[in-house]
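Peer 1: Dropping in work.cif, with mmCIF, C-alpha atoms and all ligand atoms.
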```
data_start
#
loop_
_atom_site.label_atom_id
_atom_site.label_comp_id
_atom_site.auth_asym_id
_atom_site.auth_seq_id
_atom_site.Cartn_x
_atom_site.Cartn_y
_atom_site.Cartn_z
CA MET A 1 317.16 288.11 8.44
CA LEU A 2 313.53 287.27 9.16
CA GLN A 3 312.61 287.41 12.86
CA VAL A 4 309.35 285.75 13.92
CA TYR A 5 307.96 286.39 17.39
CA LEU A 6 305.78 283.78 19.11
CA VAL A 7 303.30 284.54 21.91
CA ARG A 8 301.15 282.17 23.94
CA HIS A 9 297.70 283.64 24.62
CA GLY A 10 296.77 285.32 27.92
CA GLU A 11 295.47 283.40 30.91
CA THR A 12 291.98 281.94 30.43
CA GLU A 13 289.23 280.89 32.82
CA TRP A 14 289.97 277.23 32.17
CA ASN A 15 293.74 277.69 32.53
CA ALA A 16 293.05 279.05 36.01
CA LEU A 17 290.66 276.16 36.80
CA ARG A 18 293.01 273.50 35.33
CA ARG A 19 290.44 272.45 32.76
CA ILE A 20 291.74 271.01 29.48
CA GLN A 21 291.01 273.26 26.49
CA GLY A 22 292.75 271.87 23.40
CA GLN A 23 290.58 273.07 20.51
CA SER A 24 287.73 273.90 22.91
CA ASP A 25 287.81 277.40 24.29
CA SER A 26 287.30 279.69 27.26
CA ALA A 27 287.55 283.44 27.70
CA LEU A 28 290.58 285.39 28.93
CA THR A 29 290.47 286.29 32.63
CA ALA A 30 291.02 289.92 33.68
CA LYS A 31 294.63 288.92 34.35
CA GLY A 32 294.85 287.42 30.85
CA GLU A 33 293.66 290.69 29.31
CA ARG A 34 296.31 292.58 31.31
CA GLN A 35 298.99 290.13 30.19
CA ALA A 36 297.94 290.75 26.59
CA GLU A 37 298.24 294.51 27.07
CA GLN A 38 301.72 294.07 28.53
CA VAL A 39 302.93 291.85 25.71
CA ALA A 40 301.38 294.38 23.29
CA GLU A 41 303.56 297.12 24.79
CA ARG A 42 306.57 294.90 24.29
CA ALA A 43 305.48 294.17 20.71
CA VAL A 44 305.30 297.89 19.92
CA SER A 45 308.97 298.21 20.88
CA LEU A 46 309.85 295.31 18.55
CA GLY A 47 308.45 296.87 15.36
CA ILE A 48 305.93 294.13 14.64
CA THR A 49 304.34 294.45 11.17
CA HIS A 50 301.89 291.51 11.04
CA ILE A 51 299.91 289.62 13.69
CA ILE A 52 298.89 286.07 12.76
CA SER A 53 296.65 284.24 15.25
CA SER A 54 295.22 280.79 15.81
CA ASP A 55 291.50 280.91 15.11
CA LEU A 56 290.46 279.97 18.67
CA GLY A 57 288.82 282.69 20.76
CA ARG A 58 291.53 283.00 23.43
CA THR A 59 294.28 283.58 20.88
CA ARG A 60 292.14 285.90 18.74
CA ARG A 61 291.35 288.09 21.75
CA THR A 62 295.04 288.22 22.72
CA ALA A 63 295.99 288.99 19.10
CA GLU A 64 293.38 291.76 18.83
CA ILE A 65 294.88 293.50 21.85
CA ILE A 66 298.40 293.20 20.42
CA ALA A 67 297.28 294.34 16.95
CA ALA A 68 295.51 297.37 18.42
CA GLY A 69 298.69 298.32 20.30
CA CYS A 70 300.92 297.86 17.26
CA GLY A 71 298.49 299.37 14.77
CA CYS A 72 299.12 296.55 12.35
CA PRO A 73 296.83 294.07 10.57
CA MET A 74 295.77 290.77 12.14
CA THR A 75 295.01 287.61 10.19
CA VAL A 76 293.92 284.16 11.35
CA ASP A 77 295.56 280.80 10.59
CA ALA A 78 293.84 277.66 11.91
CA ARG A 79 297.16 275.75 11.64
CA LEU A 80 298.24 277.61 14.80
CA ARG A 81 295.50 275.94 16.91
CA GLU A 82 296.25 274.05 20.10
CA LEU A 83 296.63 270.25 19.97
CA ASP A 84 293.29 268.49 19.52
CA MET A 85 292.86 266.77 22.89
CA GLY A 86 289.93 264.60 21.85
CA VAL A 87 287.69 263.15 24.53
CA LEU A 88 289.49 264.94 27.37
CA GLU A 89 288.66 268.47 26.20
CA THR A 90 286.71 270.51 28.79
CA ARG A 91 287.73 268.13 31.62
CA ASP A 92 289.22 269.21 34.95
CA ILE A 93 292.68 267.61 35.21
CA ALA A 94 292.01 266.70 38.86
CA THR A 95 289.03 264.48 37.91
CA LEU A 96 290.76 262.29 35.31
CA THR A 97 290.72 258.55 35.92
CA ARG A 98 294.07 256.76 35.95
CA GLU A 99 293.50 255.59 32.35
CA GLU A 100 292.59 259.09 31.23
CA GLU A 101 295.65 260.57 32.96
CA ASP A 102 297.80 257.99 31.19
CA TRP A 103 296.39 259.17 27.83
CA ARG A 104 297.21 262.76 28.77
CA ARG A 105 300.69 261.86 30.01
CA GLN A 106 301.53 260.30 26.63
CA LEU A 107 301.60 263.84 25.22
CA VAL A 108 304.40 264.92 27.53
CA ASN A 109 306.43 261.79 28.40
CA GLY A 110 308.01 260.94 25.06
CA THR A 111 305.55 258.32 23.80
CA GLU A 112 305.92 258.02 20.02
CA GLY A 113 302.50 258.19 18.37
CA GLY A 114 300.80 259.12 21.65
CA ARG A 115 297.41 260.77 21.40
CA ILE A 116 294.25 261.17 23.47
CA PRO A 117 291.41 259.11 21.93
CA GLY A 118 289.67 261.23 19.30
CA GLY A 119 292.59 263.68 19.31
CA GLU A 120 295.73 264.54 17.38
CA SER A 121 299.31 263.30 17.74
CA MET A 122 302.19 265.69 18.43
CA THR A 123 303.66 264.74 15.04
CA GLU A 124 300.47 265.74 13.23
CA MET A 125 300.42 269.04 15.10
CA ALA A 126 304.11 269.70 14.33
CA THR A 127 303.45 269.37 10.59
CA ARG A 128 300.77 272.07 10.58
CA MET A 129 302.72 274.35 12.96
CA HIS A 130 305.81 274.22 10.73
CA ALA A 131 303.62 275.01 7.69
CA ALA A 132 302.27 278.08 9.52
CA LEU A 133 305.81 279.16 10.50
CA ASN A 134 307.11 278.67 6.94
CA HIS A 135 304.27 280.85 5.62
CA CYS A 136 306.13 283.77 7.23
CA LEU A 137 308.84 283.32 4.58
CA THR A 138 306.32 284.51 1.95
CA LEU A 139 305.73 287.89 3.63
CA PRO A 140 307.29 291.00 2.04
CA ALA A 141 310.97 291.67 2.84
CA GLY A 142 311.33 293.70 6.02
CA SER A 143 308.30 292.11 7.71
CA THR A 144 308.47 291.19 11.40
CA PRO A 145 305.50 288.94 12.14
CA LEU A 146 304.18 287.89 15.54
CA LEU A 147 302.28 284.60 15.82
CA VAL A 148 299.76 284.07 18.65
CA SER A 149 299.27 280.40 19.50
CA HIS A 150 299.18 277.92 22.40
CA GLY A 151 301.34 276.16 24.98
CA MET A 152 301.58 272.67 23.50
CA ALA A 153 301.62 273.97 19.93
CA LEU A 154 304.43 276.51 20.42
CA GLY A 155 306.39 274.20 22.73
CA CYS A 156 306.34 271.50 20.05
CA LEU A 157 307.31 273.98 17.33
CA ILE A 158 310.31 275.29 19.26
CA SER A 159 311.41 271.81 20.35
CA THR A 160 311.29 270.43 16.81
CA VAL A 161 313.28 273.40 15.44
CA LEU A 162 315.88 272.47 18.07
CA GLY A 163 315.98 268.98 16.55
CA LEU A 164 313.88 267.01 19.01
CA PRO A 165 311.16 264.69 17.70
CA ALA A 166 307.63 266.13 17.99
CA TYR A 167 306.76 263.49 20.59
CA ALA A 168 309.85 264.16 22.75
CA GLU A 169 309.49 264.58 26.50
CA ARG A 170 308.13 268.05 27.09
CA ARG A 171 310.69 270.17 28.95
CA LEU A 172 309.99 273.70 27.77
CA ARG A 173 307.73 275.85 29.99
CA LEU A 174 305.77 278.50 28.11
CA ARG A 175 303.70 280.68 30.45
CA ASN A 176 300.70 282.73 29.39
CA CYS A 177 301.79 285.70 27.22
CA SER A 178 305.42 284.57 27.22
CA LEU A 179 307.43 285.74 24.21
CA SER A 180 309.71 283.56 22.08
CA ARG A 181 311.58 284.30 18.86
CA MET A 182 312.76 282.30 15.84
CA ASP A 183 315.09 283.65 13.16
CA TYR A 184 315.47 282.34 9.61
CA GLN A 185 319.13 282.77 8.76
CA GLN A 186 322.39 281.44 7.37
CA SER A 187 325.21 281.48 9.93
CA PRO A 188 328.64 279.81 9.91
CA TRP A 189 328.11 278.40 13.40
CA LEU A 190 324.48 277.35 13.24
CA ALA A 191 322.59 275.03 10.92
CA PRO A 192 320.94 276.98 8.08
CA GLY A 193 317.25 277.83 8.40
CA TRP A 194 315.20 278.40 11.54
CA VAL A 195 317.08 278.95 14.79
CA VAL A 196 315.74 279.70 18.26
CA GLU A 197 316.77 283.10 19.62
CA THR A 198 314.74 283.02 22.85
CA ALA A 199 311.94 280.98 24.42
CA GLY A 200 309.40 281.72 27.13
CA ASP A 201 310.50 285.27 28.08
CA VAL A 202 308.07 286.84 30.59
CA SER A 203 310.14 289.91 31.56
CA HIS A 204 307.37 292.23 30.24
CA LEU A 205 304.78 290.84 32.72
CA ASP A 206 304.40 292.53 36.11
CA MET A 207 302.98 289.54 38.00
CA PRO A 208 303.65 285.80 37.95
CA ALA A 209 302.07 284.00 35.00
CA LEU A 210 300.79 280.44 35.20
CA ASP A 211 302.23 277.50 33.42
CA GLU A 212 299.76 274.71 32.73
CA LEU A 213 300.01 273.36 36.28
CA GLN A 214 299.34 276.72 37.96
CA ARG A 215 302.90 277.15 39.18
O1 LIG A 301 294.69 273.58 25.85
C1 LIG A 301 295.03 273.79 27.02
O2 LIG A 301 294.30 273.66 28.00
C2 LIG A 301 296.47 274.25 27.28
C3 LIG A 301 297.38 273.04 27.40
O3 LIG A 301 298.70 273.41 27.42
O4 LIG A 301 296.92 275.02 26.19
P1 LIG A 301 296.67 276.58 26.04
O5 LIG A 301 296.14 277.11 27.34
O6 LIG A 301 298.01 277.17 25.72
O7 LIG A 301 295.73 276.79 24.87
#
```
How does the structure come out when it is put into structure tokens?

Peer 2:
Amino acid sequence: MLQVYLVRHGETEWNALRRIQGQSDSALTAKGERQAEQVAERAVSLGITHIISSDLGRTRRTAEIIAAGCGCPMTVDARLRELDMGVLETRDIATLTREEEDWRRQLVNGTEGGRIPGGESMTEMATRMHAALNHCLTLPAGSTPLLVSHGMALGCLISTVLGLPAYAERRLRLRNCSLSRMDYQQSPWLAPGWVVETAGDVSHLDMPALDELQR
């Protein structure tokens, strides 16, 4: 049975400042680096054989720390990027106008086809995230890959595997350096294919991690 681990990157400067990143980028904070070291320790105990990271800087840095801990190769897959958040990228959430906040809300409140102007829809992102997940099926037998990606991207991937539409109301909290797992399997009591084993586990972190609203 193929097990695929999923990690959201460590805390970044803009996460802490509540600035919207999307496919823009900011560096890990010192806390984010520590979170990455702690999830790396957990990854060592899981027998990870491959690290596959989104090509953005915050995920690459997190993946490098995990790969160094595990002593396994790291590759980059741009399909694991965060949602393209168009004209709102780099903005402080607290400064959005009402219209801009409505655009942002469409991503989380179940609006079919919702997108920020100049950005990507959740359905478009789901297509590329599933392609990246399915790529794991081509790895040699016995592989245990770990994918490093983003909050919206991984939340959408997990939710769609559970059968929700990509644009469904967002109800899964994935904190920085949380760990999730998908298995590809045939079971008499589950639908065949990808199933969710766990989502958003932060038991390896020694201090509270932020969700996107700094809670
Ligand atoms: O892009 C962002 O600002 C956030 C939104 O959830 O995603 P992440 O920090 O996971 O890249």

Peer 1: Collect all residues with atoms no farther than 6 Å from ligand LIG 301 (chain A), counting only C-alpha atoms and all ligand atoms, and output them as JSON, numbers by chain.

Peer 2: {"A": [15, 20, 21, 22, 82, 150, 151, 152, 212]}

Peer 1: Keeping C-alpha atoms, export the residues of the selection given above as a JSON list (two decimals), in the coordinates of the input.

Peer 2:
```
[["chain", "number", "residue", "atom", "x", "y", "z"],
["A", 15, "ASN", "CA", 293.74, 277.69, 32.53],
["A", 20, "ILE", "CA", 291.74, 271.01, 29.48],
["A", 21, "GLN", "CA", 291.01, 273.26, 26.49],
["A", 22, "GLY", "CA", 292.75, 271.87, 23.40],
["A", 82, "GLU", "CA", 296.25, 274.05, 20.10],
["A", 150, "HIS", "CA", 299.18, 277.92, 22.40],
["A", 151, "GLY", "CA", 301.34, 276.16, 24.98],
["A", 152, "MET", "CA", 301.58, 272.67, 23.50],
["A", 212, "GLU", "CA", 299.76, 274.71, 32.73]]
```

Peer 1: Using all atoms listed in the file, find the one residue out of A:Thr59, A:Gln106, A:Gln3, A:Ser54 that sits nearest to A:Ala27.

Peer 2: A:Thr59

Peer 1: Please, what distance in Å, to one decimal, runs between atom CA of A:Ala141 and atom CA of A:Ile48?

Peer 2: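 That distance, rounded to one decimal, is 13.1 Å.
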
Peer 1: Could you tell me how far atom CA of A:Asn134 sits from atom CA of A:Ala63, in Å to one decimal place?

Peer 2: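 Value for the atom CA of A:Ala63-atom CA of A:Asn134 distance: 19.4 Å.
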
Peer 1: Which distance in Å separates atom CA of A:Gly71 and atom CA of A:Met1, to one decimal?

Peer 2: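 Between atom CA of A:Gly71 and atom CA of A:Met1 the gap works out to 22.7 Å.
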
Peer 1: Which residues are near A:Gly86? Cut-off 12 Å, only C-alpha atoms, ignore same chain within fewer than 5 positions. Put them as a count of residues only.

Peer 2: 16

Peer 1: Show me, as an MDAnalysis selection string, the residues that have an atom within 9 Å of A:Gly57 when counting all atoms listed in the file, minus same-chain residues fewer than 6 positions from it.

Peer 2: chainID A and resid 25:28

Peer 1: Take the residues that were just selected and, keeping C-alpha atoms, output them as a PDB file, in the frame of the given file.

Peer 2:
```
ATOM      1  CA  ASP A  25     287.810 277.400  24.290  1.00  0.00           C
ATOM      2  CA  SER A  26     287.300 279.690  27.260  1.00  0.00           C
ATOM      3  CA  ALA A  27     287.550 283.440  27.700  1.00  0.00           C
ATOM      4  CA  LEU A  28     290.580 285.390  28.930  1.00  0.00           C
TER       5      LEU A  28
END
```

Peer 1: To test the calculation: enclose all listed atoms of stretch 40-46 of chain A in a box whose edges run along x, y and z, add 8 Å on each side, then state centre and edge lengths in Å to one decimal, as lines of an AutoDock Vina configuration file.

Peer 2:
```
center_x = 305.6
center_y = 296.2
center_z = 21.7
size_x = 24.5
size_y = 20.0
size_z = 22.2
```

Peer 1: Env of A:His204: 7 Å cut, atoms = only C-alpha atoms, seq-sep filter 3 positions within chain, self excluded. Answer as a VMD selection string.

Peer 2: chain A and resid 38 to 39 42

Peer 1: Please dump the current selection as a PDB file, in the frame of the given file; keep C-alpha atoms.

Peer 2:
```pdb
ATOM      1  CA  GLN A  38     301.720 294.070  28.530  1.00  0.00           C
ATOM      2  CA  VAL A  39     302.930 291.850  25.710  1.00  0.00           C
ATOM      3  CA  ARG A  42     306.570 294.900  24.290  1.00  0.00           C
TER       4      ARG A  42
END
```

Peer 1: Would you give me, as CSV, each residue of stretch 147-198 of chain A having an atom within 10 Å of an atom of stretch 73-79 of chain A, along with its shortest atom pair and that distance in Å to one decimal, using all atoms listed in the file and sorting by chain and residue number?

Peer 2:
```
residue,atom,partner,partner_atom,distance
A:Leu147,CA,A:Asp77,CA,9.3
A:Val148,CA,A:Val76,CA,9.3
A:Ser149,CA,A:Arg79,CA,9.4
A:Ala153,CA,A:Arg79,CA,9.6
```

Peer 1: Which residue is closest to A:Tyr167? Choose from A:Met85, A:Val195, A:Met122, A:Met207 and count only C-alpha atoms.

Peer 2: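 Checking each of A:Met85, A:Val195, A:Met122, A:Met207 against A:Tyr167, counting only C-alpha atoms, the winner is A:Met122.
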
Peer 1: Using all atoms listed in the file for the distances, tell me which of A:Ile51, A:Cys177, A:Arg19, A:Tyr184 is nearest to A:Ala36.

Peer 2: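 Using all atoms listed in the file, the shortest distance to A:Ala36 belongs to A:Cys177.
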
Peer 1: At a cut-off of 12 Å from (291.2, 288.6, 38.6) in the coordinates of the file, what residues are picked up using all atoms listed in the file, written as a PyMOL selection string?

Peer 2: chain A and resi 11-13+16+28-35+207

Peer 1: Take the residues from that selection and write them out as a compact mmCIF listing (two decimals), in the coordinates of the input, keeping C-alpha atoms.

Peer 2:
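Output saved as selection_5.txt:
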```
# COMPACT_ATOMS: atom_id res chain seq x y z
CA GLU A 11 295.47 283.40 30.91
CA THR A 12 291.98 281.94 30.43
CA GLU A 13 289.23 280.89 32.82
CA ALA A 16 293.05 279.05 36.01
CA LEU A 28 290.58 285.39 28.93
CA THR A 29 290.47 286.29 32.63
CA ALA A 30 291.02 289.92 33.68
CA LYS A 31 294.63 288.92 34.35
CA GLY A 32 294.85 287.42 30.85
CA GLU A 33 293.66 290.69 29.31
CA ARG A 34 296.31 292.58 31.31
CA GLN A 35 298.99 290.13 30.19
CA MET A 207 302.98 289.54 38.00
```
